[in-house]
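Let me begin by presenting the structure, written as structure tokens, before commenting on it.
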Amino acid sequence: MDLPHSTAIATTTASDALVRELSADVLRRLTYTVGKDVASASPRDWFIAASLATRDRIVEPWLASNKRNYQQDRRRVYYLSLEFLVGRLLIDGLTNLGLTEAMRAALKDLGVDLDAMRELEPDAALGNGGLGRLAACFMDSMATLEIAAVGYGIRYDHGLFRQTIKDGWQHEYPEDWLAFGNPWEFPRPEIVYDICFGGHVEGARLADGALAHVWRPAETVEAVAYDTPVVGWRGKHVNTLRLWSARAPDPLRLDAFNAGDYLGAQADQMRAESISKVLYPSDSTPAGQELRLRQEYFFASASLQDLIRRHMKQTGDIRKLASKVAIQLNDTHPAIGVAELMRLLVDVHGLEWKEAWEITQATFSYTNHTLLPEALESWPVALMERLLPRHMQIIYLVNALHLDRLRDSGVHDAGVLANVSLIDEHSGRHVRMGNLAFLGSHKINGVSALHTQLVKETVFRDYHKLYPRRIVNKTNGVTFRRWLLEANPPLAGLLAQTIGPRVFDDPAHLSELERYADDADFQQRFAAAKRANKERLARLVFERVDAKVDANALFDVQIKRIHEYKRQLLNVLHTIALYQDIKAQPSRAFVPRVKIFAGKAAASYHQAKLIIKLANDVARVVNADEDLRGLLKVVFLPNYNVSLAERIIPAADLSEQISTAGMEASGTGNMKFALNGALTIGTLDGANVEIKERVGDENIFIFGLTAAEVEHSRAKGIDAREAIEASPRLGEALQAVAMGVFSPDDRNRYAQLVDALTYYDHFLISKDFESYWDAQEAVDARWRDQKAWRRATILNTARVAWFSSDRAIREYAEEIWNTPVA
Ligand SMILES: *Cc1c(COP(=O)(O)O)cnc(C)c1O
């Protein structure tokens, strides 16, 4: 187990009385909820008891927040996201309540170690990567800024798969976060909505002669609510994360069961429950699965019914919806909500179409997260007609009215009209969910300055010409509570001592570090904090992958989903070239490096899984090579998740953010690293551009083609061979891979990988290699001058306050939701 990982920032002093109270609370929960005594309690029992004692302290401010929201009749924000990558909540809750030290002392009195216990909490991994983690950071910030917000999503029985590495290959196992119960959630069996699918639509004449549409669905599923309180900084305001679980209206067909058909008796239940059974396992790969559409409609419909019920209870007037409610669509996954809200307003609440559409547009806004064409959702019209016949009608009508209006206003270009249509007529007819989200929203945002610019120039080019004020930028952010205060106690403690704990109330105070950047004593203490984190990570590496790494070496880290555009392969090739360089020059003084990788590949993404295998093959060969004198180690840590990120990021010296320019919408990992004093080596992509602007050119290592140059290269046709010929280093590295140096058991394993790179290098690895190599040499040069290195790392921490998700949420509140914060 780890050494105690304590911190000196007592934001609330752990008075004896408080400690005694907490330990009594824990003991009471252990006795009366868990049903154990001290003698028989397992570590997990203590974890449950401590979590419930913590939750108990969140409940009253939660109820008070809800009451305040009603009494003040505040405009509410609903954040709809198919993913929430939450991570663990115990330390998070304690931190926000200012109770970490008191709980540590209380547990110690009971003979329990908080730092050991915190590791028992499963990671709530209801998301794939950055998009889901953003939703979790935003929940934290909305609570901190006291915005009346609810996050809506799905309570998957199984979150993102657990990754193991066997013989270097990724294996996926179902994740089981609920196996021992979830102490943070409150089931709300009384909050249930019917979600309908299939059937047909009938026309009916109303008394006033108008035509009404009556949907006669073929199937009904129930959505049941589970609430998790989300406590903001200093426990002042608490919001709700409401996740929906699916079940059948009739749990069992008793007649079938009694007739001996046990499986058939439960078939409806199984079909219904499959909706919330598992997180969609892919990350930016083609969907095309009916179950996915069912998931999207299920949670969008439940959430809209729920928020309308709340609105009607509060105001009694559906027409006021837009003035009281803002709904943010996190990517297009909830975009079917646009058609669903129209259905609810027109068919259920009897509004005229025009008014309903105005309300819908004024209520929704939509965040675009990707330009990758394969990740832009579209559903076959035939599937939509079968599953959601009324919504298909609504989509057709929205589309027809929109195209008519454009023609009336003089737009006749057939190309433009085809591009802005909700229906893609190209390869079988499809509904374009991005276009539906755009049309149904008053604001559309990209997630970094560069990404927003590209959104305007590419995916939504024609829309942007027609509606030039609708697309805005909201650069992503991360919560400093989790990613600094909780993840990095040594640094957080140093900051509290140096500039005072108020830095955690307002990260703008980080800039006060600037004046210590050259202070030898402060540099030494800053480096000591990093050093402590590196030693702690070194122990974890040893425990998990049995490799010994030296905390004196430069920790060079790339952790994120494995994707070709993120270019882990570029990093692996650099590793190989470095390996060959060290072997070729046995007497030269190299900067010792540890290359650290972590990340999951989508189960069906073969190329990404092969890259994992290559990283592991290289690690095996390099780590066993005595010639290297310990100058290079390679580590692939399995099962990347939020908790692992919290361990790795504070220990990183170098942050690898090396995507092909124009392909990473923003990145948020890049922000977490810079905040924790790692220097970035990166391309001018996503938020790297803005990080560079803030930390200063001399405190970041930028290389490679720009987004415009990437586009230009692709347009004129990529010839990787030219670039490979110009870089003997790259040529040799590729040759080693191709010849099986790292795969003696299967020399052809990487033939296709090398071929692909040589003949069609879509991600421009070969073109960027030399410039990447040079940037890595610049990293080494800086590292050799430790004073200069430390100065740069301090300035990174000092200058990235702007990347707080509090800043991002404040911008959303002011410019999109119209819920300005104090
Ligand atoms: C921050 C984070 C991400 C996003 O990382 P990027 O480097 O921006 O892709 C993904 N997964 C986890 C667990 C994270 O904490």
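Residues are named by chain letter and number: chains run A, B, ... in the order of the structure tokens, numbers start at 1 in each chain, and ligands are numbered from 1 in the order shown.
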Query - Selection: 9 Å around Arg253 of chain A, only C-alpha atoms, excl. self and same-chain fewer than 4 positions, as a ChimeraX atom specification - result: /A:257-258,264-268
Once you have the residues from the selection above, write them out as a compact mmCIF listing (two decimals), in the first residue's frame, restricted to N, CA, C and O atoms.
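Result saved to again_11.txt:
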# COMPACT_ATOMS: atom_id res chain seq x y z
N PHE A 257 -44.77 -18.00 -17.50
CA PHE A 257 -43.93 -18.61 -16.48
C PHE A 257 -44.58 -19.88 -15.95
O PHE A 257 -43.96 -20.94 -15.86
N ASN A 258 -45.87 -19.78 -15.64
CA ASN A 258 -46.59 -20.93 -15.09
C ASN A 258 -46.71 -22.06 -16.11
O ASN A 258 -46.82 -23.23 -15.75
N GLY A 264 -39.17 -17.09 -21.94
CA GLY A 264 -40.18 -16.28 -22.62
C GLY A 264 -40.90 -15.35 -21.65
O GLY A 264 -41.23 -14.22 -22.00
N ALA A 265 -41.08 -15.82 -20.43
CA ALA A 265 -41.79 -15.02 -19.44
C ALA A 265 -41.03 -13.75 -19.11
O ALA A 265 -41.61 -12.75 -18.69
N GLN A 266 -39.70 -13.77 -19.31
CA GLN A 266 -38.89 -12.60 -18.96
C GLN A 266 -38.37 -11.86 -20.19
O GLN A 266 -37.57 -10.94 -20.06
N ALA A 267 -38.84 -12.26 -21.36
CA ALA A 267 -38.27 -11.70 -22.59
C ALA A 267 -38.48 -10.19 -22.68
O ALA A 267 -37.56 -9.45 -23.03
N ASP A 268 -39.69 -9.74 -22.32
CA ASP A 268 -39.96 -8.30 -22.41
C ASP A 268 -39.03 -7.53 -21.48
O ASP A 268 -38.51 -6.46 -21.82
Kindly provide the residues of chain A that approach ligand 1 to within 9 Å, each paired with its closest atom pair and their distance in Å to one decimal, based on only C-alpha atoms and all ligand atoms, listed by chain and increasing number, as a tab-separated table.
residue	atom	partner	partner_atom_place_in_ligand_line	distance
A:Leu85	CA	ligand 1	13 (C)	7.2
A:Val86	CA	ligand 1	13 (C)	8.9
A:Gly87	CA	ligand 1	13 (C)	8.0
A:Ala125	CA	ligand 1	13 (C)	8.3
A:Gly127	CA	ligand 1	11 (N)	8.5
A:Asn128	CA	ligand 1	11 (N)	7.0
A:Gly129	CA	ligand 1	10 (C)	3.7
A:Gly130	CA	ligand 1	4 (C)	3.6
A:Leu131	CA	ligand 1	4 (C)	7.3
A:Gly132	CA	ligand 1	10 (C)	7.9
A:Arg133	CA	ligand 1	2 (C)	5.9
A:Leu134	CA	ligand 1	1 (C)	7.6
A:Val478	CA	ligand 1	1 (C)	8.0
A:Trp483	CA	ligand 1	15 (O)	8.8
A:Gln558	CA	ligand 1	7 (O)	7.9
A:Ile559	CA	ligand 1	7 (O)	6.4
A:Lys560	CA	ligand 1	7 (O)	4.6
A:Arg561	CA	ligand 1	9 (O)	6.1
A:Ile562	CA	ligand 1	9 (O)	8.9
A:Lys566	CA	ligand 1	9 (O)	8.0
A:Gly599	CA	ligand 1	11 (N)	7.9
A:Tyr640	CA	ligand 1	13 (C)	6.3
A:Asn641	CA	ligand 1	13 (C)	4.0
A:Val642	CA	ligand 1	13 (C)	3.8
A:Ser643	CA	ligand 1	13 (C)	7.3
A:Leu644	CA	ligand 1	13 (C)	7.4
A:Ala645	CA	ligand 1	15 (O)	5.4
A:Glu646	CA	ligand 1	15 (O)	7.4
A:Glu656	CA	ligand 1	7 (O)	8.6
A:Gln657	CA	ligand 1	7 (O)	7.1
A:Glu664	CA	ligand 1	9 (O)	8.1
A:Ala665	CA	ligand 1	8 (O)	9.0
A:Ser666	CA	ligand 1	8 (O)	7.0
A:Gly667	CA	ligand 1	8 (O)	3.3
A:Thr668	CA	ligand 1	8 (O)	3.8
A:Gly669	CA	ligand 1	7 (O)	3.7
A:Asn670	CA	ligand 1	7 (O)	5.9
A:Met671	CA	ligand 1	8 (O)	8.0
A:Lys672	CA	ligand 1	1 (C)	7.1
Give the strand (DSSP E or B) residues of segment 607-637 of chain A, as DSSP finds them on the backbone, and put them as a compact mmCIF listing (two decimals) with N, CA, C and O atoms, in the first residue's frame.
# COMPACT_ATOMS: atom_id res chain seq x y z
N LEU A 632 16.37 4.44 -20.93
CA LEU A 632 15.03 4.44 -21.52
C LEU A 632 14.22 3.29 -20.93
O LEU A 632 14.70 2.15 -20.87
N LYS A 633 13.03 3.61 -20.51
CA LYS A 633 12.08 2.59 -20.07
C LYS A 633 10.75 2.91 -20.76
O LYS A 633 10.42 4.08 -20.99
N VAL A 634 9.99 1.86 -21.04
CA VAL A 634 8.68 2.05 -21.66
C VAL A 634 7.64 1.28 -20.85
O VAL A 634 7.84 0.12 -20.52
N VAL A 635 6.56 1.97 -20.55
CA VAL A 635 5.54 1.38 -19.69
C VAL A 635 4.17 1.60 -20.30
O VAL A 635 3.84 2.72 -20.69
N PHE A 636 3.38 0.54 -20.39
CA PHE A 636 1.97 0.69 -20.75
C PHE A 636 1.14 0.29 -19.55
O PHE A 636 1.11 -0.88 -19.17
N LEU A 637 0.49 1.26 -18.93
CA LEU A 637 -0.33 0.96 -17.75
C LEU A 637 -1.74 0.60 -18.18
O LEU A 637 -2.40 1.37 -18.89
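Rounded to one decimal, atom CA of Thr458 of chain A and atom CA of Leu371 of chain A lie 7.8 Å from each other.
The environment of Val737 of chain A within 8 Å, counting only C-alpha atoms and disregarding residues fewer than 4 places along the same chain, consists of Ala733, Val741, Phe742, Ser743, Tyr750, Ala751 and Val754 of chain A.
Comparing A:Ser303, A:Asn552, A:Asn435, A:Thr498 by their smallest distance to Val398 of chain A, the closest is A:Asn435 (using only C-alpha atoms).
Using only C-alpha atoms, the shortest contact distance between Thr164 of chain A and any of A:Gly199, A:Gly740, A:Pro638, A:Gly415 is found at A:Pro638.
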